[in-house]
Every structure is written in C-alpha cells, then in structure tokens.
Amino acid sequence: MGLLELRELSKEYKRGGRTFNAVNRANLSVEPGDFISVIGRSGSGKTTLLNMGAGLLNPTGGTVFFEGKDIYTLRDKDMSFLRNQKIGYVPQGQSLLSNFTVFDNVCIPWFLFRRGGDAEGRAFILLERVGISHLAASYPKELSGGEMRRAAIARALINEPRLLIADEPTSDLDAQTTVEIMNLFKAVAREGTAVLIVTHELDTLAYGNKTYLMDTGNLAPHAA
Ligand SMILES: Nc1ncnc2c1ncn2[C@@H]1O[C@H](COP(=O)(O)OP(=O)(O)OP(=O)(O)O)[C@@H](O)[C@H]1O
Ligand SMILES: [Mg+2]
C-alpha cells in the first residue's frame, strides 16, 4: 500500500435542495518520492479532494489510508498529531497568522507538539530555500501574495513531513519564482517527501512524475 491511498473517495454536498458529488469515487495512490499534479477546471473538486486527503474534511464515502491507517477512524488527538508530524499542507488562500512574524509562522508547527532540535536554524534554511529570508521579521500584512505563499510553503516543510500537499502553490507567483518553487518541490520529492499539488499552470506538469485530471468530481490519470 502507498503512503497515501484514496479509495473510492467521495464528498457529497447539498446546495439549493440539490445534492451532488464534488468528488466522486476517486482513487489515488501516492508513493514516497512521487510528485503528483492534479489539474482541472475551477469548481471541479480539486480542493475538496486535497482537503479530504489531508485529513481536514470528512468524506461522505470511501477511505483515506495514510501509512496503511484509515485516518478518519483516528481520535482527534491522533489525527492532529499525524497531520502535524507527517503532512505538510499549503492551503489555496492566505493562511498565515497575522499577529506573528513570518519567522514565527514558519516555526509554529514545530512547537505545536514538542520537538527537540533546532527549529530556528531549520526555519531560516527553509526561508532561504523559498527566497524570503530577508522577510523573516516582517508580518504577513507587509508581504505580497506570492511572498505569503512562499512563507506557507516553508511552514509546511518545517516538520519534515512525509507528504507535502499544496493547493495551487504558484497561482500568484511570477514565472521565475514558479520555476524556483517547482524545482524546490522536485528536490523535496527526491529527498523522499511525496508531493501532491493542484495546479492551473500546465507548464508545471513537467516537474512531476504523474498527472491526474479532475473533471466534475471524477479523477482520472492524464496523459502528459
Ligand atoms: N461547503 C460546500 N457546500 C456546498 N458546495 C461546496 C462546498 N464546498 C465546495 N463546494 C462546491 O463543490 C465544488 C468543488 O469545489 P472545490 O473547491 O473542490 O473546487 P476546485 O476544483 O478546487 O476549484 P478552484 O479551481 O476554483 O479552486 C464546487 O462546485 C463548489 O461550489
Ligand atoms: Mg480549489
């Protein structure tokens, strides 16, 4: 079994008296070292899929296995611990805590569950890797959208997760920065952390090793 296995995963929503499957019996297997991209039109169910895979949204059908465990059977505390230690998540929108500096935002996951080691040193290296170490002492409101996104990527990597999930991580970055972030993800995957991203930019598909297409809730392998 893979690191992350989605089996017949579904999410049913109700809107205006009508029910529909935002995700419809999706199957996906993510192995260590994989770099998987999911593409698809706006509203096709990509974020819903990632949120269920990250342990953030209860499915209405199917199963999410992480390291062979059905994660939605875990107790809250165990789920929080698993997410904190093993899954780095970069949400689609702005997600930094506004009252903390960039540096502290990056360090927070490290201190949520007590860990030994040099959080500060690691945070600084990650900020360098995403190209914003000069903004360490700034607050989120002083950053551009792309800089905030890069801080969120550093934060997602601080605990050396086994899986990095990122929802349109380059949507507000320029071409040069996009290349840098994609190369970073590629290096992260090579170092053994699996990477699962949603992207609109077809240029970025070349960095990954597998591509899937989401079409009105239906997920299928996509020939590059
Ligand atoms: N809480 C909710 N209740 C009802 N419908 C929802 C809810 N959340 C999302 N949806 C609907 O589910 C569908 C999938 O949404 P989702 O956010 O997964 O799309 P997406 O592929 O990520 O789109 P985008 O590319 O615009 O981010 C959309 O039709 C959306 O309107
Ligand atoms: Mg989305």
# chains A, B, ... in the order shown; residues from 1 in each chain; ligands from 1

$ residues_around --residues "A:Val188" --least-positions-apart "3" --cutoff "12 Å" --atoms "only C-alpha atoms" --output "number ranges by chain"
A: 32-35, 88, 126, 129, 153-154, 156-157, 160-165, 181-185, 191-196, 207-208

$ write_last_selection --atoms "N, CA and C atoms" --output "short mmCIF file (atom, residue, chain, number, x, y, z; two decimals), in the first residue's frame"
data_model
loop_
_atom_site.label_atom_id
_atom_site.label_comp_id
_atom_site.auth_asym_id
_atom_site.auth_seq_id
_atom_site.Cartn_x
_atom_site.Cartn_y
_atom_site.Cartn_z
N PRO A 32 6.14 7.24 -1.63
CA PRO A 32 7.27 8.11 -1.28
C PRO A 32 8.06 8.48 -2.53
N GLY A 33 8.43 9.74 -2.65
CA GLY A 33 9.20 10.19 -3.82
C GLY A 33 8.35 10.62 -5.00
N ASP A 34 7.05 10.31 -4.96
CA ASP A 34 6.15 10.77 -6.03
C ASP A 34 6.02 12.30 -6.02
N PHE A 35 5.81 12.86 -7.20
CA PHE A 35 5.43 14.27 -7.34
C PHE A 35 4.24 14.26 -8.29
N GLY A 88 2.50 18.05 5.42
CA GLY A 88 2.63 19.49 5.26
C GLY A 88 1.55 19.96 4.31
N LEU A 126 14.83 27.07 5.46
CA LEU A 126 13.65 26.97 4.58
C LEU A 126 13.28 28.32 3.99
N ARG A 129 15.48 28.85 1.22
CA ARG A 129 15.13 27.99 0.07
C ARG A 129 13.96 28.55 -0.72
N ILE A 153 4.70 27.73 2.30
CA ILE A 153 5.41 26.52 1.85
C ILE A 153 6.52 26.17 2.85
N ALA A 154 7.25 27.19 3.31
CA ALA A 154 8.29 26.94 4.32
C ALA A 154 7.67 26.35 5.59
N ALA A 156 4.97 24.60 5.81
CA ALA A 156 4.51 23.23 5.56
C ALA A 156 5.67 22.22 5.60
N LEU A 157 6.90 22.72 5.43
CA LEU A 157 8.05 21.81 5.38
C LEU A 157 8.82 21.73 6.70
N GLU A 160 9.49 18.38 8.47
CA GLU A 160 9.98 17.31 7.59
C GLU A 160 8.90 16.26 7.35
N PRO A 161 7.77 16.69 6.73
CA PRO A 161 6.64 15.78 6.55
C PRO A 161 6.97 14.67 5.56
N ARG A 162 6.21 13.59 5.63
CA ARG A 162 6.36 12.52 4.63
C ARG A 162 5.59 12.86 3.37
N LEU A 163 4.61 13.78 3.51
CA LEU A 163 3.78 14.18 2.37
C LEU A 163 3.58 15.69 2.41
N LEU A 164 3.79 16.33 1.27
CA LEU A 164 3.51 17.75 1.13
C LEU A 164 2.35 17.91 0.17
N ILE A 165 1.28 18.56 0.65
CA ILE A 165 0.10 18.80 -0.18
C ILE A 165 -0.01 20.30 -0.39
N ILE A 181 10.02 27.49 -7.23
CA ILE A 181 9.19 26.69 -6.31
C ILE A 181 9.02 25.26 -6.84
N MET A 182 8.83 25.13 -8.15
CA MET A 182 8.68 23.79 -8.72
C MET A 182 9.96 22.98 -8.56
N ASN A 183 11.11 23.65 -8.72
CA ASN A 183 12.38 22.95 -8.52
C ASN A 183 12.55 22.55 -7.05
N LEU A 184 12.07 23.41 -6.17
CA LEU A 184 12.11 23.07 -4.74
C LEU A 184 11.26 21.83 -4.47
N PHE A 185 10.04 21.79 -5.01
CA PHE A 185 9.17 20.61 -4.82
C PHE A 185 9.82 19.35 -5.39
N GLU A 191 14.19 13.99 -2.17
CA GLU A 191 14.67 13.72 -0.81
C GLU A 191 13.75 12.74 -0.07
N GLY A 192 12.62 12.35 -0.70
CA GLY A 192 11.78 11.29 -0.13
C GLY A 192 10.42 11.72 0.38
N THR A 193 10.16 13.05 0.41
CA THR A 193 8.82 13.52 0.79
C THR A 193 7.94 13.48 -0.45
N ALA A 194 6.82 12.79 -0.38
CA ALA A 194 5.92 12.77 -1.53
C ALA A 194 5.26 14.14 -1.68
N VAL A 195 5.03 14.56 -2.93
CA VAL A 195 4.44 15.87 -3.19
C VAL A 195 3.16 15.69 -4.01
N LEU A 196 2.09 16.31 -3.54
CA LEU A 196 0.80 16.26 -4.24
C LEU A 196 0.30 17.69 -4.38
N TYR A 207 7.36 19.00 -14.13
CA TYR A 207 8.19 18.77 -12.93
C TYR A 207 7.79 17.50 -12.20
N GLY A 208 6.53 17.11 -12.34
CA GLY A 208 6.03 15.95 -11.60
C GLY A 208 6.26 14.66 -12.37
#

$ residues_near_ligand --ligand "ligand 2" --cutoff "12 Å" --atoms "only C-alpha atoms and all ligand atoms" --output "VMD selection string"
chain A and resid 22 38 to 51 90 to 93 166 to 169 171 197 to 200 214

$ write_last_selection --atoms "N, CA and C atoms" --output "PDB file, in the first residue's frame"
ATOM      1  N   ALA A  22     -19.125  16.509  -5.168  1.00  0.00           N
ATOM      2  CA  ALA A  22     -17.994  17.374  -5.541  1.00  0.00           C
ATOM      3  C   ALA A  22     -16.790  16.502  -5.889  1.00  0.00           C
ATOM      4  N   VAL A  38      -2.447  17.466  -9.905  1.00  0.00           N
ATOM      5  CA  VAL A  38      -3.852  17.324 -10.273  1.00  0.00           C
ATOM      6  C   VAL A  38      -4.272  18.612 -10.967  1.00  0.00           C
ATOM      7  N   ILE A  39      -4.801  18.469 -12.178  1.00  0.00           N
ATOM      8  CA  ILE A  39      -5.301  19.628 -12.906  1.00  0.00           C
ATOM      9  C   ILE A  39      -6.813  19.494 -13.056  1.00  0.00           C
ATOM     10  N   GLY A  40      -7.457  20.573 -13.446  1.00  0.00           N
ATOM     11  CA  GLY A  40      -8.894  20.521 -13.640  1.00  0.00           C
ATOM     12  C   GLY A  40      -9.489  21.907 -13.528  1.00  0.00           C
ATOM     13  N   ARG A  41     -10.668  22.074 -14.101  1.00  0.00           N
ATOM     14  CA  ARG A  41     -11.302  23.384 -14.146  1.00  0.00           C
ATOM     15  C   ARG A  41     -11.709  23.856 -12.760  1.00  0.00           C
ATOM     16  N   SER A  42     -11.935  25.159 -12.659  1.00  0.00           N
ATOM     17  CA  SER A  42     -12.426  25.734 -11.407  1.00  0.00           C
ATOM     18  C   SER A  42     -13.750  25.074 -11.030  1.00  0.00           C
ATOM     19  N   GLY A  43     -13.867  24.658  -9.783  1.00  0.00           N
ATOM     20  CA  GLY A  43     -15.095  24.030  -9.306  1.00  0.00           C
ATOM     21  C   GLY A  43     -15.183  22.543  -9.576  1.00  0.00           C
ATOM     22  N   SER A  44     -14.108  21.952 -10.110  1.00  0.00           N
ATOM     23  CA  SER A  44     -14.175  20.523 -10.466  1.00  0.00           C
ATOM     24  C   SER A  44     -13.994  19.594  -9.261  1.00  0.00           C
ATOM     25  N   GLY A  45     -13.557  20.151  -8.097  1.00  0.00           N
ATOM     26  CA  GLY A  45     -13.451  19.316  -6.896  1.00  0.00           C
ATOM     27  C   GLY A  45     -12.032  19.101  -6.393  1.00  0.00           C
ATOM     28  N   LYS A  46     -11.076  19.868  -6.915  1.00  0.00           N
ATOM     29  CA  LYS A  46      -9.658  19.652  -6.570  1.00  0.00           C
ATOM     30  C   LYS A  46      -9.367  19.941  -5.095  1.00  0.00           C
ATOM     31  N   THR A  47      -9.836  21.091  -4.630  1.00  0.00           N
ATOM     32  CA  THR A  47      -9.586  21.449  -3.227  1.00  0.00           C
ATOM     33  C   THR A  47     -10.300  20.477  -2.291  1.00  0.00           C
ATOM     34  N   THR A  48     -11.508  20.098  -2.659  1.00  0.00           N
ATOM     35  CA  THR A  48     -12.258  19.128  -1.853  1.00  0.00           C
ATOM     36  C   THR A  48     -11.474  17.822  -1.738  1.00  0.00           C
ATOM     37  N   LEU A  49     -10.895  17.383  -2.838  1.00  0.00           N
ATOM     38  CA  LEU A  49     -10.096  16.154  -2.840  1.00  0.00           C
ATOM     39  C   LEU A  49      -8.874  16.296  -1.920  1.00  0.00           C
ATOM     40  N   LEU A  50      -8.136  17.405  -2.078  1.00  0.00           N
ATOM     41  CA  LEU A  50      -6.929  17.603  -1.257  1.00  0.00           C
ATOM     42  C   LEU A  50      -7.282  17.679   0.220  1.00  0.00           C
ATOM     43  N   ASN A  51      -8.353  18.405   0.536  1.00  0.00           N
ATOM     44  CA  ASN A  51      -8.729  18.555   1.952  1.00  0.00           C
ATOM     45  C   ASN A  51      -9.076  17.211   2.577  1.00  0.00           C
ATOM     46  N   VAL A  90      -0.271  23.258   2.250  1.00  0.00           N
ATOM     47  CA  VAL A  90      -0.277  24.651   1.802  1.00  0.00           C
ATOM     48  C   VAL A  90      -1.665  24.930   1.227  1.00  0.00           C
ATOM     49  N   PRO A  91      -2.513  25.635   1.978  1.00  0.00           N
ATOM     50  CA  PRO A  91      -3.884  25.870   1.503  1.00  0.00           C
ATOM     51  C   PRO A  91      -3.922  26.824   0.316  1.00  0.00           C
ATOM     52  N   GLN A  92      -5.084  26.861  -0.319  1.00  0.00           N
ATOM     53  CA  GLN A  92      -5.249  27.671  -1.526  1.00  0.00           C
ATOM     54  C   GLN A  92      -5.146  29.173  -1.233  1.00  0.00           C
ATOM     55  N   GLY A  93      -5.757  29.627  -0.143  1.00  0.00           N
ATOM     56  CA  GLY A  93      -5.754  31.072   0.122  1.00  0.00           C
ATOM     57  C   GLY A  93      -4.650  31.501   1.063  1.00  0.00           C
ATOM     58  N   ALA A 166      -0.111  20.737  -1.639  1.00  0.00           N
ATOM     59  CA  ALA A 166      -0.175  22.173  -1.915  1.00  0.00           C
ATOM     60  C   ALA A 166      -1.251  22.467  -2.958  1.00  0.00           C
ATOM     61  N   ASP A 167      -2.135  23.407  -2.595  1.00  0.00           N
ATOM     62  CA  ASP A 167      -3.278  23.738  -3.437  1.00  0.00           C
ATOM     63  C   ASP A 167      -2.964  24.995  -4.246  1.00  0.00           C
ATOM     64  N   GLU A 168      -2.662  24.837  -5.500  1.00  0.00           N
ATOM     65  CA  GLU A 168      -2.285  25.932  -6.399  1.00  0.00           C
ATOM     66  C   GLU A 168      -1.171  26.798  -5.805  1.00  0.00           C
ATOM     67  N   PRO A 169      -0.037  26.158  -5.503  1.00  0.00           N
ATOM     68  CA  PRO A 169       1.027  26.867  -4.798  1.00  0.00           C
ATOM     69  C   PRO A 169       1.686  27.969  -5.615  1.00  0.00           C
ATOM     70  N   SER A 171      -0.071  29.960  -7.955  1.00  0.00           N
ATOM     71  CA  SER A 171      -1.073  30.748  -8.694  1.00  0.00           C
ATOM     72  C   SER A 171      -0.791  32.253  -8.660  1.00  0.00           C
ATOM     73  N   ILE A 197       0.203  18.158  -5.632  1.00  0.00           N
ATOM     74  CA  ILE A 197      -0.229  19.548  -5.819  1.00  0.00           C
ATOM     75  C   ILE A 197      -1.408  19.637  -6.797  1.00  0.00           C
ATOM     76  N   VAL A 198      -2.160  20.702  -6.624  1.00  0.00           N
ATOM     77  CA  VAL A 198      -3.161  21.090  -7.608  1.00  0.00           C
ATOM     78  C   VAL A 198      -2.592  22.274  -8.360  1.00  0.00           C
ATOM     79  N   THR A 199      -2.731  22.282  -9.654  1.00  0.00           N
ATOM     80  CA  THR A 199      -2.174  23.392 -10.425  1.00  0.00           C
ATOM     81  C   THR A 199      -3.056  23.754 -11.613  1.00  0.00           C
ATOM     82  N   HIS A 200      -3.031  25.043 -11.951  1.00  0.00           N
ATOM     83  CA  HIS A 200      -3.694  25.503 -13.164  1.00  0.00           C
ATOM     84  C   HIS A 200      -2.701  25.648 -14.299  1.00  0.00           C
ATOM     85  N   MET A 214      -9.021  16.203 -12.888  1.00  0.00           N
ATOM     86  CA  MET A 214     -10.284  16.203 -12.168  1.00  0.00           C
ATOM     87  C   MET A 214     -11.324  16.848 -13.075  1.00  0.00           C
TER      88      MET A 214
END

$ atom_distance --atom1 "atom CA of A:Leu173" --atom2 "atom CA of A:Gly146"
5.1 Å

$ select_by_dssp --residues "stretch 47-157 of chain A" --states "alpha helix (DSSP H)" --output "count of residues only"
53

$ closest_residue --among "A:Val23, A:Ala123, A:Leu3, A:Val106" --to "A:Glu67" --atoms "only C-alpha atoms"
A:Leu3

$ residues_around --residues "stretch 95-102 of chain A" --least-positions-apart "3" --cutoff "10 Å" --atoms "only C-alpha atoms" --output "number ranges by chain"
A: 90-92, 105-108, 123, 127, 132-133, 135-143, 147-149, 151-152, 154-155

$ select_by_dssp --residues "stretch 55-196 of chain A" --states "strand (DSSP E)" --output "ChimeraX atom specification"
/A:61-66,69-70,87-90,163-167,194-196

$ write_last_selection --atoms "N, CA and C atoms" --output "short mmCIF file (atom, residue, chain, number, x, y, z; two decimals), in the first residue's frame"
data_model
loop_
_atom_site.label_atom_id
_atom_site.label_comp_id
_atom_site.auth_asym_id
_atom_site.auth_seq_id
_atom_site.Cartn_x
_atom_site.Cartn_y
_atom_site.Cartn_z
N GLY A 61 -18.01 9.27 1.53
CA GLY A 61 -17.87 7.89 1.07
C GLY A 61 -16.41 7.57 0.83
N GLY A 62 -16.05 6.30 0.95
CA GLY A 62 -14.69 5.89 0.65
C GLY A 62 -13.76 6.06 1.84
N THR A 63 -12.47 5.84 1.58
CA THR A 63 -11.49 5.75 2.67
C THR A 63 -10.20 6.48 2.29
N VAL A 64 -9.58 7.09 3.29
CA VAL A 64 -8.24 7.66 3.14
C VAL A 64 -7.29 6.87 4.04
N PHE A 65 -6.33 6.19 3.44
CA PHE A 65 -5.31 5.49 4.21
C PHE A 65 -4.03 6.31 4.17
N PHE A 66 -3.44 6.53 5.34
CA PHE A 66 -2.10 7.13 5.40
C PHE A 66 -1.21 6.16 6.16
N LYS A 69 -3.09 3.33 7.61
CA LYS A 69 -4.15 3.55 8.59
C LYS A 69 -5.30 4.34 7.99
N ASP A 70 -6.51 3.94 8.29
CA ASP A 70 -7.70 4.68 7.88
C ASP A 70 -7.79 5.92 8.77
N ILE A 87 2.16 15.44 7.55
CA ILE A 87 1.56 16.02 6.35
C ILE A 87 1.74 17.54 6.38
N GLY A 88 2.50 18.05 5.42
CA GLY A 88 2.63 19.49 5.26
C GLY A 88 1.55 19.96 4.31
N TYR A 89 0.86 21.03 4.66
CA TYR A 89 -0.28 21.45 3.85
C TYR A 89 -0.18 22.94 3.52
N VAL A 90 -0.27 23.26 2.25
CA VAL A 90 -0.28 24.65 1.80
C VAL A 90 -1.66 24.93 1.23
N LEU A 163 4.61 13.78 3.51
CA LEU A 163 3.78 14.18 2.37
C LEU A 163 3.58 15.69 2.41
N LEU A 164 3.79 16.33 1.27
CA LEU A 164 3.51 17.75 1.13
C LEU A 164 2.35 17.91 0.17
N ILE A 165 1.28 18.56 0.65
CA ILE A 165 0.10 18.80 -0.18
C ILE A 165 -0.01 20.30 -0.39
N ALA A 166 -0.11 20.74 -1.64
CA ALA A 166 -0.18 22.17 -1.91
C ALA A 166 -1.25 22.47 -2.96
N ASP A 167 -2.13 23.41 -2.60
CA ASP A 167 -3.28 23.74 -3.44
C ASP A 167 -2.96 24.99 -4.25
N ALA A 194 6.82 12.79 -0.38
CA ALA A 194 5.92 12.77 -1.53
C ALA A 194 5.26 14.14 -1.68
N VAL A 195 5.03 14.56 -2.93
CA VAL A 195 4.44 15.87 -3.19
C VAL A 195 3.16 15.69 -4.01
N LEU A 196 2.09 16.31 -3.54
CA LEU A 196 0.80 16.26 -4.24
C LEU A 196 0.30 17.69 -4.38
#

$ residues_around --residues "A:Asp76" --least-positions-apart "6" --cutoff "12 Å" --atoms "only C-alpha atoms" --output "PyMOL selection string"
chain A and resi 55-56+82-83

$ atom_distance --atom1 "atom CA of A:Glu180" --atom2 "atom CA of A:Ser144"
16.9 Å

$ residues_around --residues "A:His222" --least-positions-apart "6" --cutoff "6 Å" --atoms "only C-alpha atoms" --output "PyMOL selection string"
chain A and resi 211-213

$ write_last_selection --atoms "C-alpha atoms" --output "mmCIF file, in the first residue's frame"
data_model
loop_
_atom_site.group_PDB
_atom_site.id
_atom_site.type_symbol
_atom_site.label_atom_id
_atom_site.label_comp_id
_atom_site.auth_asym_id
_atom_site.auth_seq_id
_atom_site.Cartn_x
_atom_site.Cartn_y
_atom_site.Cartn_z
ATOM 1 C CA THR A 211 -0.634 13.859 -13.623
ATOM 2 C CA TYR A 212 -4.335 13.402 -12.890
ATOM 3 C CA LEU A 213 -7.294 15.277 -14.308
#
